[in-house]
Amino acid sequence: MNVIFLGPPGSGKGTQAKHIQDHYGLKQLSTGDMLREQVAKQTDLGLQAKRIMDEGGLVPDQMIIAMIRSKLEQAENQKGVILDGFPRTLGQAEALDSMLQELGKALHAVIELQVDDELIVRRLSERYSCASCGEGYNRTSRNPVKSGVCDRCGSTEFSVRDDDKPETIRKRLSAYHAQTAPLLPFYKQKGILSPLNGMGTIEEVCKGIDSILKVK
Ligand code: AP5
Ligand code: MG
């Protein structure tokens, strides 16, 4: 089963993908995580992408499509993938259709996590993650069980993302509304779009996703 998690920054795509991948045996493919890995390694792609990411814009389609193509090919023998943060433009969505067709695969569901802009700004201003394993946390809704110690790896170092500043969050939201929201009618027309209220608790949203995927 191949699934897209579509939604504005901070709607919970990464949080939910981590839960769902374990439960369904699917591989999470996050273009944001892939780009941050390139930034950390200071590759040419990473250096170009960092400037755009820091400004809250979208990295050009051809760079993203080349990057995800190799990951999709590597995941060919998996049970399926969760695409987290891809596609984000109509050009990317059309390229995804062609790549899946070449691999003889189908797209089974596009889950739209719906969250109001004001809540997004709050959530992202409160987000932090483990500097060692990347496990995601939130100052209000999800802190480690033992204060200051990562639940997953035991590290005591945490970090915040460079693009989680209020002015950059607003720009990322504008990019979402202008360039990514047009994908909603695109997938609705294909009959695979499932909108979901993403403003409940993490557990409630997870249950909602589960009930959508169970019937796919
Ligand atoms: P990316 O890393 O994909 O960022 P994003 O889409 O802006 O989304 P986030 O990762 O910020 O949020 P999320 O939806 O994963 O939410 P999370 O689960 O963390 O992309 C970064 C940048 O890379 C882009 O701006 C762009 O420049 C570039 N890029 C990436 N992909 C690209 C592409 N395809 N094309 C072009 N450019 C691309 O949750 C957020 C917080 O809320 C956390 O603290 C979490 O604990 C908390 N939380 C989650 N769910 C709940 C809940 N239900 N209740 C309470 N708190 C919750
Ligand atoms: Mg994410």
# chains A, B, ... in the order shown; residues from 1 in each chain; ligands from 1
$ residues_near_ligand --ligand "ligand 1" --cutoff "7 Å" --atoms "only C-alpha atoms and all ligand atoms" --output "PyMOL selection string"
chain A and resi 7-16+30-33+35+52-53+56-61+64+84-88+123-124+126-128+136-138+141-142+172+198-202+205
$ residues_around --residues "Leu6 in chain A" --least-positions-apart "5" --cutoff "7 Å" --atoms "only C-alpha atoms" --output "list of chain:residue names"
A:Gly85, A:Val110, A:Ile111, A:Glu112, A:Leu113
$ residues_around --residues "range 168-171 of chain A" --least-positions-apart "2" --cutoff "9 Å" --atoms "only C-alpha atoms" --output "list in words"
Pro9, Met53, Asp54, Glu55, Gly56, Gly57, Asp117, Ile120, Val121, Leu124, Ser125, Asp162, Asp163, Asp164, Lys165, Pro166, Leu173, Ser174, Ala175 and Tyr176 of chain A
$ closest_residue --among "A:Ser155, A:Gln38, A:Ser129, A:Thr180" --to "ligand 2" --atoms "only C-alpha atoms and all ligand atoms"
A:Ser129
$ select_by_dssp --residues "range 141-194 of chain A" --states "alpha helix (DSSP H)" --output "PyMOL selection string"
chain A and resi 166-175+183-189
$ write_last_selection --atoms "N, CA, C and O atoms" --output "compact mmCIF listing (two decimals), in the first residue's frame"
# COMPACT_ATOMS: atom_id res chain seq x y z
N PRO A 166 8.63 32.07 13.85
CA PRO A 166 7.29 32.51 13.42
C PRO A 166 7.25 33.09 12.01
O PRO A 166 6.36 32.75 11.22
N GLU A 167 8.24 33.94 11.62
CA GLU A 167 8.14 34.57 10.28
C GLU A 167 8.35 33.53 9.17
O GLU A 167 7.72 33.60 8.11
N THR A 168 9.20 32.53 9.42
CA THR A 168 9.42 31.48 8.40
C THR A 168 8.22 30.54 8.36
O THR A 168 7.83 30.07 7.28
N ILE A 169 7.61 30.29 9.51
CA ILE A 169 6.42 29.41 9.54
C ILE A 169 5.33 30.03 8.66
O ILE A 169 4.69 29.34 7.87
N ARG A 170 5.14 31.35 8.77
CA ARG A 170 4.12 32.05 7.96
C ARG A 170 4.42 31.88 6.47
O ARG A 170 3.52 31.67 5.67
N LYS A 171 5.71 31.97 6.10
CA LYS A 171 6.06 31.83 4.68
C LYS A 171 5.82 30.39 4.21
O LYS A 171 5.37 30.16 3.09
N ARG A 172 6.12 29.43 5.06
CA ARG A 172 5.88 28.02 4.69
C ARG A 172 4.38 27.78 4.50
O ARG A 172 3.97 27.04 3.62
N LEU A 173 3.58 28.42 5.37
CA LEU A 173 2.12 28.28 5.24
C LEU A 173 1.64 28.89 3.93
O LEU A 173 0.79 28.30 3.25
N SER A 174 2.20 30.05 3.56
CA SER A 174 1.80 30.68 2.28
C SER A 174 2.15 29.76 1.12
O SER A 174 1.38 29.60 0.18
N ALA A 175 3.36 29.16 1.18
CA ALA A 175 3.77 28.26 0.10
C ALA A 175 2.80 27.08 0.03
O ALA A 175 2.42 26.63 -1.06
N LEU A 183 -3.21 20.46 -5.00
CA LEU A 183 -3.19 18.99 -5.14
C LEU A 183 -4.47 18.36 -4.60
O LEU A 183 -4.78 17.21 -4.93
N LEU A 184 -5.20 19.10 -3.76
CA LEU A 184 -6.40 18.51 -3.15
C LEU A 184 -7.44 18.18 -4.23
O LEU A 184 -7.88 17.04 -4.31
N PRO A 185 -7.83 19.15 -5.10
CA PRO A 185 -8.77 18.78 -6.18
C PRO A 185 -8.19 17.73 -7.14
O PRO A 185 -8.92 16.88 -7.65
N PHE A 186 -6.85 17.76 -7.33
CA PHE A 186 -6.19 16.80 -8.23
C PHE A 186 -6.45 15.36 -7.73
O PHE A 186 -6.83 14.47 -8.50
N TYR A 187 -6.27 15.14 -6.41
CA TYR A 187 -6.46 13.79 -5.88
C TYR A 187 -7.94 13.48 -5.62
O TYR A 187 -8.34 12.32 -5.67
N LYS A 188 -8.73 14.52 -5.36
CA LYS A 188 -10.18 14.29 -5.17
C LYS A 188 -10.76 13.73 -6.47
O LYS A 188 -11.54 12.80 -6.46
N GLN A 189 -10.32 14.31 -7.57
CA GLN A 189 -10.82 13.87 -8.87
C GLN A 189 -10.46 12.41 -9.15
O GLN A 189 -11.18 11.69 -9.81
$ closest_residue --among "A:Ile68, A:Ala49, A:Leu83, A:Val215" --to "Gln28 in chain A" --atoms "only C-alpha atoms"
A:Leu83
$ closest_residue --among "A:Ala17, A:Cys130, A:Val3, A:Val149" --to "ligand 2" --atoms "only C-alpha atoms and all ligand atoms"
A:Ala17
$ select_by_dssp --residues "range 4-214 of chain A" --states "strand (DSSP E or B)" --output "ChimeraX atom specification"
/A:4-6,27-30,81-84,109-114,127-130,136-138,142,158-159,193-197
$ residues_around --residues "Glu73 in chain A" --least-positions-apart "4" --cutoff "10 Å" --atoms "only C-alpha atoms" --output "PDB file with N, CA and C atoms, in the first residue's frame"
ATOM      1  N   ILE A  68      13.727  11.801  -4.739  1.00  0.00           N
ATOM      2  CA  ILE A  68      12.715  10.822  -4.310  1.00  0.00           C
ATOM      3  C   ILE A  68      12.718   9.603  -5.248  1.00  0.00           C
ATOM      4  N   ARG A  69      13.068   9.811  -6.505  1.00  0.00           N
ATOM      5  CA  ARG A  69      13.086   8.688  -7.452  1.00  0.00           C
ATOM      6  C   ARG A  69      13.980   7.562  -6.936  1.00  0.00           C
ATOM      7  N   ASN A  77      11.001  -3.242  -2.953  1.00  0.00           N
ATOM      8  CA  ASN A  77      10.590  -4.525  -2.382  1.00  0.00           C
ATOM      9  C   ASN A  77       9.900  -4.408  -1.031  1.00  0.00           C
ATOM     10  N   MET A  99       6.449   7.843 -12.049  1.00  0.00           N
ATOM     11  CA  MET A  99       7.421   6.961 -11.376  1.00  0.00           C
ATOM     12  C   MET A  99       6.729   5.690 -10.881  1.00  0.00           C
ATOM     13  N   LEU A 100       5.532   5.834 -10.297  1.00  0.00           N
ATOM     14  CA  LEU A 100       4.820   4.661  -9.785  1.00  0.00           C
ATOM     15  C   LEU A 100       4.428   3.741 -10.945  1.00  0.00           C
ATOM     16  N   LEU A 103       7.274   1.702 -11.992  1.00  0.00           N
ATOM     17  CA  LEU A 103       7.586   0.648 -11.019  1.00  0.00           C
ATOM     18  C   LEU A 103       6.455  -0.381 -10.916  1.00  0.00           C
TER      19      LEU A 103
END
$ closest_residue --among "A:Leu196, A:Gln179, A:Asp97, A:Lys27" --to "Val115 in chain A" --atoms "only C-alpha atoms"
A:Leu196
$ atom_distance --atom1 "CA of Lys71 in chain A" --atom2 "CA of Ile4 in chain A"
14.8 Å
